[in-house]
Every structure is written in C-alpha cells, then in structure tokens.
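Here's input.txt, which has compact mmCIF, C-alpha atoms:
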# COMPACT_ATOMS: atom_id res chain seq x y z
CA MET A 21 -19.26 20.52 26.72
CA ASN A 22 -17.73 23.46 28.43
CA ILE A 23 -16.83 25.80 25.64
CA SER A 24 -18.36 29.08 26.55
CA VAL A 25 -18.28 32.52 25.04
CA PRO A 26 -15.29 34.01 26.75
CA ASN A 27 -14.97 37.46 28.15
CA PRO A 28 -12.56 39.46 25.94
CA ASP A 29 -10.71 40.44 29.14
CA ASP A 30 -10.02 36.84 30.01
CA GLY A 31 -6.51 37.01 28.61
CA PRO A 32 -5.10 34.57 26.10
CA LEU A 33 -7.81 32.07 25.29
CA ILE A 34 -5.92 30.09 22.71
CA PRO A 35 -2.70 28.32 23.56
CA PRO A 36 0.19 28.68 21.09
CA LEU A 37 -1.06 27.21 17.84
CA GLY A 38 2.24 25.72 16.74
CA ASP A 39 1.26 26.23 13.10
CA GLY A 40 4.53 27.95 12.13
CA PRO A 41 6.04 24.99 10.22
CA VAL A 42 2.76 24.38 8.39
CA MET A 43 2.64 28.02 7.33
CA ALA A 44 6.32 27.98 6.30
CA ILE A 45 5.51 25.21 3.84
CA GLY A 46 1.88 25.99 2.99
CA ILE A 47 2.25 29.69 2.12
CA PRO A 48 5.02 29.23 -0.53
CA ALA A 49 3.38 26.04 -1.80
CA PHE A 50 0.07 27.78 -2.52
CA GLY A 51 1.87 30.89 -3.78
CA ILE A 52 3.86 28.83 -6.28
CA ALA A 53 1.36 26.14 -7.25
CA ILE A 54 -1.87 28.10 -7.80
CA PRO A 55 -0.55 30.59 -10.40
CA LEU A 56 1.27 27.81 -12.22
CA LEU A 57 -1.72 25.51 -12.32
CA THR A 58 -4.21 28.24 -13.29
CA GLY A 59 -2.06 29.67 -16.10
CA LEU A 60 -1.51 33.11 -14.54
CA TYR A 61 2.02 33.34 -15.94
CA GLY A 62 0.68 32.95 -19.46
CA THR A 63 3.63 32.67 -21.80
CA LEU A 64 6.24 33.71 -19.20
CA THR A 65 9.01 31.18 -18.56
CA PRO A 66 11.67 31.05 -15.81
CA ALA A 67 13.93 32.74 -18.33
CA ASP A 68 11.95 35.97 -17.91
CA PRO A 69 12.74 38.09 -14.84
CA ALA A 70 9.01 38.92 -14.63
CA PHE A 71 8.38 35.23 -13.87
CA TRP A 72 10.45 35.53 -10.69
CA GLY A 73 8.88 38.86 -9.84
CA GLY A 74 5.47 37.17 -10.16
CA LEU A 75 6.62 34.31 -7.97
CA VAL A 76 7.51 36.70 -5.14
CA TRP A 77 4.27 38.64 -5.68
CA PHE A 78 2.08 35.56 -5.57
CA VAL A 79 3.83 34.14 -2.49
CA ALA A 80 3.29 37.53 -0.80
CA MET A 81 -0.43 37.30 -1.77
CA SER A 82 -0.56 33.78 -0.44
CA ALA A 83 0.94 34.99 2.86
CA SER A 84 -1.58 37.86 3.07
CA ILE A 85 -4.49 35.51 2.41
CA TRP A 86 -3.28 32.89 4.88
CA LEU A 87 -2.38 35.28 7.70
CA GLY A 88 -5.45 37.44 7.16
CA ASN A 89 -7.82 34.49 7.25
CA ARG A 90 -5.95 33.07 10.23
CA TRP A 91 -6.44 36.33 12.10
CA LEU A 92 -10.16 36.37 11.20
CA LEU A 93 -10.48 32.76 12.30
CA LEU A 94 -8.90 33.48 15.68
CA GLN A 95 -11.05 36.59 16.15
CA GLN A 96 -14.16 34.52 15.49
CA ARG A 97 -13.06 31.90 17.99
CA ARG A 98 -13.18 34.55 20.67
CA HIS A 99 -16.83 35.33 19.99
CA LEU A 100 -18.46 32.26 18.48
CA ASP A 101 -18.31 28.56 19.22
CA TRP A 102 -19.46 25.49 17.33
CA PHE A 103 -21.67 24.23 20.14
CA GLY A 104 -23.43 27.47 21.05
CA GLN A 105 -24.11 28.90 17.58
CA PRO A 106 -23.04 26.37 14.94
CA ALA A 107 -25.01 27.84 12.02
CA ARG A 108 -23.90 31.38 12.76
CA LYS A 109 -20.31 30.24 13.13
CA LEU A 110 -20.38 28.44 9.78
CA VAL A 111 -21.92 31.43 7.97
CA MET A 112 -19.45 33.83 9.56
CA LEU A 113 -16.45 31.65 8.71
CA ILE A 114 -17.45 31.36 5.04
CA ALA A 115 -18.45 35.02 4.80
CA ALA A 116 -15.15 36.21 6.31
CA ASN A 117 -13.27 33.90 3.95
CA VAL A 118 -15.09 35.01 0.81
CA LEU A 119 -15.27 38.70 1.69
CA TYR A 120 -11.57 38.82 2.55
CA THR A 121 -10.07 36.33 0.11
CA ALA A 122 -11.98 37.22 -3.06
CA PRO A 123 -11.35 41.02 -3.09
CA LEU A 124 -7.71 40.52 -2.10
CA THR A 125 -7.25 38.01 -4.88
CA LEU A 126 -8.98 40.17 -7.45
CA ALA A 127 -6.94 43.24 -6.48
CA GLY A 128 -3.69 41.26 -6.36
CA ILE A 129 -4.21 39.69 -9.78
CA ALA A 130 -5.34 42.98 -11.33
CA ALA A 131 -2.18 44.60 -10.00
CA TRP A 132 -0.14 41.74 -11.43
CA TYR A 133 -1.55 42.24 -14.90
CA GLN A 134 -1.10 45.99 -14.50
CA LEU A 135 2.58 45.59 -13.61
CA LEU A 136 3.03 43.11 -16.43
CA GLY A 137 1.39 45.56 -18.82
CA ARG A 138 -1.01 42.97 -20.19
CA PRO A 139 -4.84 42.89 -20.36
CA ILE A 140 -6.61 41.11 -17.53
CA ASP A 141 -7.40 37.48 -18.36
CA ILE A 142 -10.94 37.27 -16.95
CA ALA A 143 -11.08 33.47 -17.14
CA ALA A 144 -7.81 33.07 -15.21
CA LEU A 145 -9.00 35.69 -12.70
CA GLN A 146 -12.21 33.75 -12.03
CA ILE A 147 -10.42 30.44 -11.66
CA VAL A 148 -7.76 31.81 -9.30
CA THR A 149 -10.35 33.54 -7.13
CA LEU A 150 -12.46 30.40 -6.87
CA THR A 151 -9.39 28.27 -6.21
CA ASN A 152 -8.22 30.59 -3.46
CA VAL A 153 -11.60 30.59 -1.74
CA ILE A 154 -11.72 26.80 -1.91
CA CYS A 155 -8.17 26.46 -0.62
CA VAL A 156 -8.96 28.80 2.29
CA VAL A 157 -12.04 26.73 3.12
CA PHE A 158 -9.80 23.68 3.14
CA VAL A 159 -7.17 25.28 5.40
CA THR A 160 -9.82 26.74 7.72
CA HIS A 161 -11.33 23.30 8.03
CA ALA A 162 -7.92 21.91 9.01
CA TYR A 163 -7.51 24.60 11.67
CA GLU A 164 -10.98 24.01 13.12
CA THR A 165 -10.42 20.27 13.19
CA VAL A 166 -7.21 20.70 15.16
CA PHE A 167 -8.97 23.08 17.55
CA LEU A 168 -11.77 20.58 18.18
CA ILE A 169 -9.35 17.68 18.71
CA ARG A 170 -7.38 19.72 21.24
CA GLU A 171 -10.52 20.75 23.09
CA ARG A 172 -11.73 17.19 23.19
CA GLU A 173 -8.36 16.09 24.51
CA SER A 174 -8.36 18.64 27.32
CA ASP A 175 -11.99 17.76 28.12
CA ARG A 176 -11.05 14.12 28.38
CA VAL A 177 -8.23 14.93 30.81
CA ARG A 178 -10.59 17.07 32.83
CA VAL A 179 -13.29 14.39 32.91
CA GLU A 180 -10.74 11.83 34.07
CA ARG A 181 -9.53 14.10 36.83
CA LEU A 182 -13.10 14.74 37.95
CA GLU A 183 -13.84 11.02 37.97
CA ARG A 184 -10.75 10.35 40.06
CA ASN A 185 -11.71 13.06 42.54
CA ARG A 186 -15.22 11.66 42.73
CA VAL A 187 -14.00 8.15 43.52
CA GLU A 188 -11.58 9.44 46.16
CA GLY A 189 -14.33 11.50 47.73
CA GLU A 190 -16.68 8.55 47.77
CA LEU A 191 -14.08 6.35 49.37
CA SER A 192 -13.39 8.79 52.16
CA ALA A 193 -17.14 9.17 52.77
CA LEU A 194 -17.47 5.41 52.94
CA THR A 195 -14.56 4.97 55.32
CA ALA A 196 -15.53 2.30 57.75
CA GLN A 197 -15.58 2.88 61.43
CA ILE A 198 -16.45 0.79 64.42
CA ASP A 199 -19.88 1.53 65.85
CA PRO A 200 -19.10 4.20 68.51
CA HIS A 201 -21.33 2.34 70.98
CA PHE A 202 -18.80 -0.48 70.90
CA LEU A 203 -16.35 1.65 72.84
CA PHE A 204 -19.01 2.72 75.33
CA ASN A 205 -20.16 -0.85 75.96
CA SER A 206 -16.58 -2.10 76.17
CA LEU A 207 -15.68 0.49 78.77
CA ASN A 208 -18.74 -0.47 80.80
CA THR A 209 -17.67 -4.08 80.68
CA LEU A 210 -14.13 -3.15 81.60
CA GLY A 211 -15.38 -1.23 84.63
CA HIS A 212 -16.96 -4.38 85.94
CA VAL A 213 -14.15 -6.78 85.08
CA ILE A 214 -11.45 -4.59 86.65
CA ALA A 215 -13.02 -5.06 90.07
CA HIS A 216 -13.64 -8.78 89.76
CA ASP A 217 -10.92 -10.25 87.57
CA PRO A 218 -7.91 -7.97 87.14
CA VAL A 219 -6.06 -10.49 84.96
CA ARG A 220 -8.93 -10.70 82.51
CA ALA A 221 -9.39 -6.95 82.70
CA ARG A 222 -5.78 -6.47 81.70
CA ASP A 223 -6.25 -8.79 78.73
CA PHE A 224 -9.46 -6.99 77.75
CA CYS A 225 -7.75 -3.62 78.02
CA ASP A 226 -4.81 -4.75 75.87
CA ARG A 227 -7.10 -6.10 73.18
CA LEU A 228 -9.20 -2.95 73.21
CA ALA A 229 -6.02 -0.93 72.72
CA GLU A 230 -4.96 -3.27 69.87
CA VAL A 231 -8.33 -2.85 68.18
CA TYR A 232 -8.09 0.92 68.21
CA ARG A 233 -4.41 0.89 67.28
CA TYR A 234 -5.44 -1.01 64.15
CA VAL A 235 -8.32 1.37 63.42
CA LEU A 236 -5.92 4.32 63.68
CA ALA A 237 -3.31 2.58 61.54
CA CYS A 238 -5.92 1.94 58.84
CA ARG A 239 -6.97 5.55 58.56
CA GLY A 240 -6.40 6.73 55.03
CA GLN A 241 -5.59 3.22 53.82
CA GLN A 242 -7.82 1.80 51.13
CA LEU A 243 -6.65 -1.80 51.32
CA VAL A 244 -5.00 -3.74 54.14
CA MET A 245 -3.31 -7.14 54.41
CA LEU A 246 -5.66 -10.03 55.11
CA ASP A 247 -3.39 -11.26 57.92
CA ASP A 248 -3.61 -7.92 59.71
CA GLU A 249 -7.38 -7.77 59.33
CA LEU A 250 -7.73 -11.33 60.71
CA GLU A 251 -5.54 -10.54 63.71
CA PHE A 252 -7.69 -7.48 64.34
CA VAL A 253 -10.89 -9.50 63.98
CA ARG A 254 -9.64 -12.02 66.56
CA ASN A 255 -9.03 -9.21 69.04
CA TYR A 256 -12.38 -7.65 68.26
CA TYR A 257 -14.11 -10.97 68.67
CA ARG A 258 -12.42 -11.60 72.05
CA LEU A 259 -13.85 -8.30 73.29
CA LEU A 260 -17.34 -9.30 72.15
CA ALA A 261 -16.93 -12.75 73.68
CA LEU A 262 -16.11 -11.24 77.05
CA ARG A 263 -19.30 -9.19 76.90
CA PHE A 264 -21.62 -11.88 75.58
CA GLY A 265 -19.95 -14.96 77.07
CA ALA A 266 -20.92 -18.29 75.55
CA ALA A 267 -23.78 -16.72 73.56
CA ILE A 268 -21.56 -16.18 70.51
CA ALA A 269 -18.85 -18.25 68.86
CA LEU A 270 -16.49 -17.65 65.93
CA VAL A 271 -14.93 -20.46 63.90
CA VAL A 272 -12.11 -19.63 61.48
CA ASP A 273 -11.19 -22.24 58.88
CA GLY A 274 -10.01 -22.86 55.32
CA ALA A 275 -12.19 -23.89 52.42
CA ASP A 276 -11.80 -27.60 53.18
CA GLY A 277 -12.44 -27.21 56.88
CA ALA A 278 -8.78 -27.28 57.84
CA ASP A 279 -6.90 -24.19 58.96
CA ALA A 280 -5.70 -22.52 55.81
CA PRO A 281 -2.80 -20.08 55.86
CA ALA A 282 -3.99 -16.82 54.37
CA ASP A 283 -2.16 -15.60 51.31
CA PRO A 284 -0.04 -12.85 52.83
CA ARG A 285 -0.32 -10.76 49.67
CA ALA A 286 -4.11 -10.79 49.64
CA ARG A 287 -5.73 -7.48 50.52
CA LEU A 288 -9.17 -6.23 51.41
CA PRO A 289 -10.77 -2.97 52.59
CA PRO A 290 -9.98 -2.32 56.27
CA LEU A 291 -12.60 -3.37 58.81
CA ALA A 292 -14.42 -5.44 56.15
CA VAL A 293 -14.72 -8.59 58.28
CA GLN A 294 -15.28 -6.57 61.44
CA THR A 295 -18.27 -4.87 59.79
CA LEU A 296 -19.81 -8.27 59.08
CA LEU A 297 -19.13 -9.50 62.61
CA GLU A 298 -20.58 -6.33 64.10
CA ASN A 299 -23.71 -6.68 61.94
CA ALA A 300 -24.16 -10.34 62.86
CA VAL A 301 -24.13 -9.55 66.57
CA LYS A 302 -26.33 -6.50 66.12
CA HIS A 303 -29.09 -8.10 64.09
CA ASN A 304 -29.27 -11.69 65.32
CA ARG A 305 -30.69 -13.28 68.40
CA PHE A 306 -28.41 -15.30 70.69
CA ASP A 307 -28.11 -16.54 74.24
CA ALA A 308 -25.92 -18.99 76.08
CA ALA A 309 -28.43 -21.81 75.63
CA ASP A 310 -28.54 -21.19 71.87
CA PRO A 311 -25.31 -19.50 70.80
CA LEU A 312 -24.85 -17.73 67.49
CA VAL A 313 -22.08 -19.64 65.73
CA MET A 314 -20.33 -17.50 63.11
CA ARG A 315 -17.97 -19.04 60.61
CA LEU A 316 -15.12 -17.29 58.81
CA THR A 317 -13.79 -19.25 55.83
CA LEU A 318 -10.62 -18.31 53.96
CA LEU A 319 -10.95 -19.07 50.26
CA GLY A 320 -8.31 -18.54 47.59
CA ASP A 321 -9.54 -15.20 46.34
CA ALA A 322 -12.14 -14.28 48.92
CA VAL A 323 -13.15 -14.43 52.57
CA ARG A 324 -16.54 -15.86 53.45
CA PHE A 325 -18.41 -14.97 56.60
CA GLY A 326 -21.65 -16.74 57.51
CA HIS A 327 -24.04 -17.58 60.31
CA PRO A 328 -27.58 -18.89 60.76
CA THR A 329 -30.25 -16.24 60.18
CA ARG A 330 -31.96 -15.50 63.49
CA PRO A 331 -33.46 -12.04 63.14
CA ARG A 332 -34.30 -10.17 66.30
CA THR A 333 -38.01 -9.48 66.75
CA SER A 334 -37.19 -5.77 66.68
CA THR A 335 -33.99 -3.91 66.13
CA ARG A 336 -32.44 -0.53 65.90
CA THR A 337 -32.85 1.18 62.53
CA GLY A 338 -29.98 1.86 60.18
CA ALA A 339 -29.55 -1.77 59.30
CA GLY A 340 -27.92 -2.52 55.96
CA LEU A 341 -25.95 0.70 55.68
CA GLY A 342 -22.69 -0.90 56.78
CA LEU A 343 -23.13 -3.72 54.30
CA ALA A 344 -24.01 -1.38 51.42
CA ASN A 345 -20.97 0.76 52.25
CA LEU A 346 -18.69 -2.26 52.32
CA ASP A 347 -20.10 -3.45 49.00
CA GLU A 348 -19.41 -0.05 47.43
CA ARG A 349 -15.87 0.05 48.82
CA CYS A 350 -15.13 -3.42 47.43
CA ARG A 351 -16.49 -2.41 44.04
CA LEU A 352 -14.38 0.74 43.89
CA LEU A 353 -11.19 -0.90 45.10
CA THR A 354 -11.24 -4.43 43.74
CA GLY A 355 -13.74 -4.16 40.89
CA ARG A 356 -15.87 -6.85 42.52
CA GLY A 357 -18.69 -6.37 44.99
CA LEU A 358 -19.85 -8.53 47.87
CA ALA A 359 -21.70 -11.76 47.18
CA VAL A 360 -24.57 -11.99 49.66
CA ASP A 361 -26.46 -15.24 50.06
CA ARG A 362 -29.56 -15.50 52.24
CA ALA A 363 -30.60 -19.01 51.23
CA GLY A 364 -31.29 -21.97 53.49
CA GLY A 365 -31.71 -20.04 56.74
CA ARG A 366 -28.10 -18.85 56.61
CA PHE A 367 -26.72 -15.41 55.93
CA THR A 368 -23.42 -15.59 54.06
CA VAL A 369 -21.31 -12.75 52.69
CA THR A 370 -18.28 -13.34 50.46
CA VAL A 371 -15.73 -10.52 50.44
CA PRO A 372 -13.47 -10.45 47.35
CA LEU A 373 -9.72 -10.21 47.94
CA ALA A 374 -7.49 -7.98 45.81
CA ARG A 375 -4.14 -9.29 44.54
CA PRO A 376 -1.27 -6.83 44.45
CA MET B 8 -38.26 -1.68 96.77
CA LYS B 9 -38.49 -4.61 94.37
CA LEU B 10 -36.61 -4.21 91.10
CA PHE B 11 -36.56 -6.20 87.87
CA LEU B 12 -33.56 -5.91 85.54
CA ALA B 13 -33.24 -6.64 81.84
CA GLU B 14 -29.75 -6.45 80.35
CA ASP B 15 -28.20 -8.81 77.83
CA GLU B 16 -24.52 -8.37 78.64
CA ALA B 17 -23.54 -10.23 81.81
CA PRO B 18 -20.75 -7.88 82.95
CA ALA B 19 -22.96 -4.84 82.43
CA ARG B 20 -25.80 -6.55 84.34
CA GLU B 21 -23.54 -7.37 87.28
CA ARG B 22 -22.18 -3.87 87.27
CA LEU B 23 -25.72 -2.47 87.38
CA ILE B 24 -26.58 -4.73 90.31
CA GLU B 25 -23.53 -3.52 92.20
CA THR B 26 -24.37 0.09 91.50
CA ILE B 27 -27.94 -0.36 92.71
CA ALA B 28 -26.70 -2.02 95.90
CA ARG B 29 -24.43 0.94 96.51
CA VAL B 30 -26.87 3.79 95.87
CA GLU B 31 -30.03 2.12 97.20
CA PRO B 32 -29.18 -0.57 99.74
CA GLY B 33 -32.89 -1.09 100.43
CA ALA B 34 -33.57 -2.21 96.86
CA ARG B 35 -34.04 -5.89 96.18
CA ILE B 36 -33.46 -7.42 92.74
CA VAL B 37 -36.32 -9.86 92.37
CA GLY B 38 -35.59 -10.95 88.82
CA VAL B 39 -33.23 -10.55 85.85
CA ALA B 40 -33.49 -11.30 82.15
CA GLY B 41 -31.20 -11.06 79.10
CA SER B 42 -33.83 -11.17 76.39
CA VAL B 43 -37.32 -9.89 75.64
CA ARG B 44 -38.59 -13.46 75.75
CA GLU B 45 -37.16 -14.12 79.22
CA ALA B 46 -38.40 -10.77 80.53
CA ALA B 47 -41.92 -11.37 79.20
CA ALA B 48 -41.97 -14.85 80.76
CA TRP B 49 -40.82 -13.55 84.12
CA LEU B 50 -43.31 -10.68 84.16
CA ALA B 51 -46.14 -13.06 83.24
CA GLY B 52 -45.26 -15.45 86.06
CA HIS B 53 -44.61 -13.02 88.89
CA PRO B 54 -46.42 -10.19 90.66
CA PRO B 55 -45.35 -6.84 89.22
CA PRO B 56 -42.27 -5.37 90.90
CA ASP B 57 -42.06 -1.72 91.94
CA LEU B 58 -39.77 -0.69 89.11
CA LEU B 59 -38.27 -2.10 85.90
CA LEU B 60 -34.75 -1.21 84.79
CA LEU B 61 -34.63 -2.05 81.11
CA ASP B 62 -31.80 -1.98 78.64
CA VAL B 63 -33.50 -1.06 75.37
CA GLN B 64 -31.48 -3.44 73.23
CA LEU B 65 -31.73 -7.02 74.45
CA ALA B 66 -30.40 -10.24 72.99
CA ASP B 67 -33.46 -10.93 70.85
CA GLY B 68 -35.03 -7.51 70.29
CA LEU B 69 -35.97 -4.20 71.87
CA SER B 70 -37.52 -4.01 75.34
CA PHE B 71 -40.23 -1.73 73.91
CA GLU B 72 -41.86 -4.97 72.79
CA LEU B 73 -42.79 -5.68 76.42
CA PHE B 74 -45.03 -2.62 76.38
CA ALA B 75 -46.50 -3.50 73.02
CA GLN B 76 -47.35 -6.93 74.46
CA GLY B 77 -49.02 -5.32 77.47
CA ALA B 78 -46.70 -7.20 79.82
CA VAL B 79 -45.84 -4.14 81.87
CA SER B 80 -47.99 -2.70 84.64
CA CYS B 81 -45.44 -0.75 86.64
CA PRO B 82 -43.02 2.16 86.15
CA ALA B 83 -39.94 1.53 84.09
CA ILE B 84 -36.60 3.20 83.52
CA PHE B 85 -34.86 2.68 80.19
CA ALA B 86 -31.13 2.55 80.00
CA THR B 87 -29.46 2.86 76.64
CA ALA B 88 -26.48 4.36 74.91
CA TYR B 89 -28.49 4.84 71.70
CA ASP B 90 -29.94 8.32 71.64
CA GLU B 91 -32.27 7.47 68.78
CA PHE B 92 -34.37 5.48 71.25
CA VAL B 93 -35.13 8.48 73.49
CA LEU B 94 -38.30 9.57 71.73
CA GLU B 95 -39.70 6.08 71.44
CA ALA B 96 -39.05 5.49 75.14
CA PHE B 97 -41.51 8.23 76.02
CA LYS B 98 -44.29 6.87 73.83
Show me the file's structure as structure tokens.
Amino acid sequence: MNISVPNPDDGPLIPPLGDGPVMAIGIPAFGIAIPLLTGLYGTLTPADPAFWGGLVWFVAMSASIWLGNRWLLLQQRRHLDWFGQPARKLVMLIAANVLYTAPLTLAGIAAWYQLLGRPIDIAALQIVTLTNVICVVFVTHAYETVFLIRERESDRVRVERLERNRVEGELSALTAQIDPHFLFNSLNTLGHVIAHDPVRARDFCDRLAEVYRYVLACRGQQLVMLDDELEFVRNYYRLLALRFGAAIALVVDGADGADAPADPRARLPPLAVQTLLENAVKHNRFDAADPLVMRLTLLGDAVRFGHPTRPRTSTRTGAGLGLANLDERCRLLTGRGLAVDRAGGRFTVTVPLARP
Amino acid sequence: MKLFLAEDEAPARERLIETIARVEPGARIVGVAGSVREAAAWLAGHPPPDLLLLDVQLADGLSFELFAQGAVSCPAIFATAYDEFVLEAFK
C-alpha cells in the first residue's frame, strides 16, 4: 500500500468528503433522538416552550460533537495511518472521541439542567454520555470505512494503469525486427546479381524494398492481417531463395493439403512467420543435394510452420531469443502462446491467430 | 598463390571470386566449399593451399570446426558480418 505519512505542507490531502447531506440528516437526528430516548426532557412535553428550547440546544450539541470529532478525525488522518501505526491510530481515535465527546456532553447537559432550573439527573447524564461516545464511535467507523474504500479504489485504478504501462513497455521491447545481417547479406547478393542478371536483380531489389516497406508499415502495430504477413513472407522467402538457391524450399498449404484462403480478418503479431523462417534457415543444415523443405500450413485459428530438424554442428549464439520473444508477444496480444513441437525429428511451431 | 574458398551463398561466393580475380590476378582458386563437411573433405584430399578464405557461418556449422578438427595447416582469413565471431577467430 502507498499510504504514507504526508508532509503537512503537501497541500490538501483529502479530497472533498461529500458528507454534507449525511451531516444535514445525522446531526438533527441524533440531536432529536438521543434526548428523547434517554429521558432528558423528563416531564416536559411539546406544549412547553422549554421543550423546543431543549430541542435547539441538543441539536446544537449534536452539531458541536459531530463537527468537532470530524475535525479531530481529519487532523489525525494527516499524521497517522492504519497501515503504518494501526494500534496508535485506534487508541488516538478513541481517546480523541472520549476526551472531546464526554466533557462536551457533560457540560452541555449540566447547562441544560441549569437553564431548566432542575437538579441534574445523574442516571440520565451517564446514559447520554455513554450513548454519545458510542454513537461517535459508530460515525467515526463509517467515516474510516469510506476513506479506506476510496483509497482502495484509487489504488486499484493506479495498479491497473501501471499494469497497462508495463504491458505496453514489454511489447515495445519485444518488437520484432529482421536480423540486421539479412540486409547486409542481401546487398552483397544484389551486388553480384546486378552484374550478371539485371532482370533478376531488379526483381530482387523490388522484393527487398517490399520487405522493408512492410517492416516500416508494421512499426507500432501490435497485430497485422494474416494476408499481409503471408505476402511479406513470400517476398522474404524469395530473397532467401535467391541467396541459397535450391537448398531451401517453402510449401504453403491449407490444413487438408489444398491451398486454403486465409481468413482475411485473422490477425497475428507482425513478422511472426518471418521470425520462424529466419530461425529455420539460421539453425538448420541444408544444401542443394539435401534441401531444407519448410512447410507453412494455414489452419482455422492458427498458422503452423514446420521443417525437419537438422541442427548445424555449431551455430552462432543467441538462439531461441526470437522464439521466446514471439511467444511472449502472442501471449500478451492474443492470450495464447506458441505451441512448439519437437517430436519425430520435426520442429513445428503453431502461431495462434487473433479474431477481431 | 593457391586459394581455397568456403562460402555457403552462391552469389556471395561468385562475387568473392570476381573480387579476388580483380585485386590479385595471380591468385588461383583451387577449391570451393559451401559447408564445413565439404571443406573438411576437400582439405583432407588435397595438398594444403597457400591461403584459406573462410566465411565463418557455413551451411552446416561454423568454419571454426575445421580448426578444431585439425584439418587446417595453412594461414586463413575469416570473413563474416557477425562481429561476435571476432574474438573466437583469433583463438
């Protein structure tokens, strides 16, 4: 909890209490009810003017007790809190109540009997004093309860805002990007192809531009359309294919083996499939005599990407980070993580799709 | 000067060959490989060349493996875009 002892210079600590209506009803109610119920009026009836004088007097006492205790309560809130010093707070609340309410009541009642010209009824005096103290405890309790509920409410709002900020921060940290070496290697390839096959070089250049146009368009986007991602993956794959020739292959199909039209409303984190493709080429062995055949399958609510497991005898470190990042992004955005299957000599990752 | 090349991407390999021909017309490429396995096989079956030009990342692993296997008995130059390999290349 974040309730701290405030600096008295901090300005208004407590927002408007909004207890005006409650006081407007509570003060007269106590001022009228308590003397009636405790027999303070004795034999007086509404026919006597003194009865009405007493009524005003007791309502004024009720107001003094309520407002005085309210002021004490608010003063204590500035210096003590339930979480830091609960015992001290409780003792101080009761002490302030008793030490303020009891003398005020005693003096008020004594004055009442004095004005009335009657002897003080000790029994009535005791009962009224006790009743007042108990009523103040009751009202104080109501105030403190409201305070705690409000604090809890504002804490909850704050916790929610923090959680939202945290998730947004995590997402931006996890933002996918193409391995920067991809651009370097692509440009090297392009340098060679330009001289030998200008037509192919032009195609390569266009696809490279498309790939980076997509990457730029995805910046700041948390989910993209499956169709757009697939188009991007085809371009990305064509660039890889030009570099690695017949050593890699990508098959795209539906669940039943036939070409399945992707649900245009389905969405997934940008660069999700590209990350998997990039990993597959980075961590698996392939050559023209024994190509790495990768398969992309469009399911109803997911995209599955798989290939035979052919680990390189040694590889660059940092493996697994891209996959862990993608898993975390899927979890945050769609509520479902990746399903990774390494059984049967195949490596298969299923990426969940989000429905709008 | 006899050179051996290891590079897994065909366009990059051809580009390297062209560049060598331009800057060192006296150099002769005596062998090429795209993978660690191919490179190891070639080195085992041929007399050592004067110099190896090795891409660090090959189709089936890292060319450092050739040194671990003891297949190399001549100077070598590593070519890579991955700076994290620099220290290991000197070992």
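Shortest separation to chain A among B:Ala17, B:Met8, B:Leu50, B:Leu60 occurs at residue B:Ala17, atoms counted being only C-alpha atoms.
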At a cut-off of 10 Å, using only C-alpha atoms, what residues contact B:Glu72? Leave out same-chain residues fewer than 5 positions from it and give the result as an MDAnalysis selection string. (chainID A and resid 333:334) or (chainID B and resid 43:44 47 63 77:79)
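Once B:Ala40 and its same-chain neighbours fewer than 3 positions away are set aside, A:Asp307, B:Leu10, B:Phe11, B:Leu12, B:Ala13, B:Glu14, B:Asp15, B:Glu16, B:Ala17, B:Arg20, B:Glu21, B:Ile36, B:Val37, B:Val43, B:Arg44, B:Glu45, B:Ala46, B:Ala47, B:Ala48, B:Trp49, B:Leu50, B:Leu59, B:Leu60, B:Leu61, B:Asp62, B:Leu65, B:Ala66, B:Asp67, B:Ser70 remain within 12 Å of it when counting all atoms listed in the file.
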Tell me the residues of chain A close to chain B, meaning within 8 Å using all atoms listed in the file, as number ranges by chain. A: 201, 204, 208-209, 211-213, 263-265, 304-307, 331-336
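Interatomic distance, atom CA of A:Gly274 to atom CA of A:Leu316: 8.3 Å.
Using only C-alpha atoms, the smallest distance between any of A:Asn255, A:Thr125, A:Ser206, A:Gln95 and A:Glu230 comes from A:Asn255.
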Quick one: residues within 6 Å of A:Ala374, all atoms listed in the file counted, chain neighbours fewer than 2 positions away excluded, as a ChimeraX atom specification? /A:286-287,354
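Put simply, atom CA of A:Gln294 is 7.5 Å away from atom CA of A:Tyr256.
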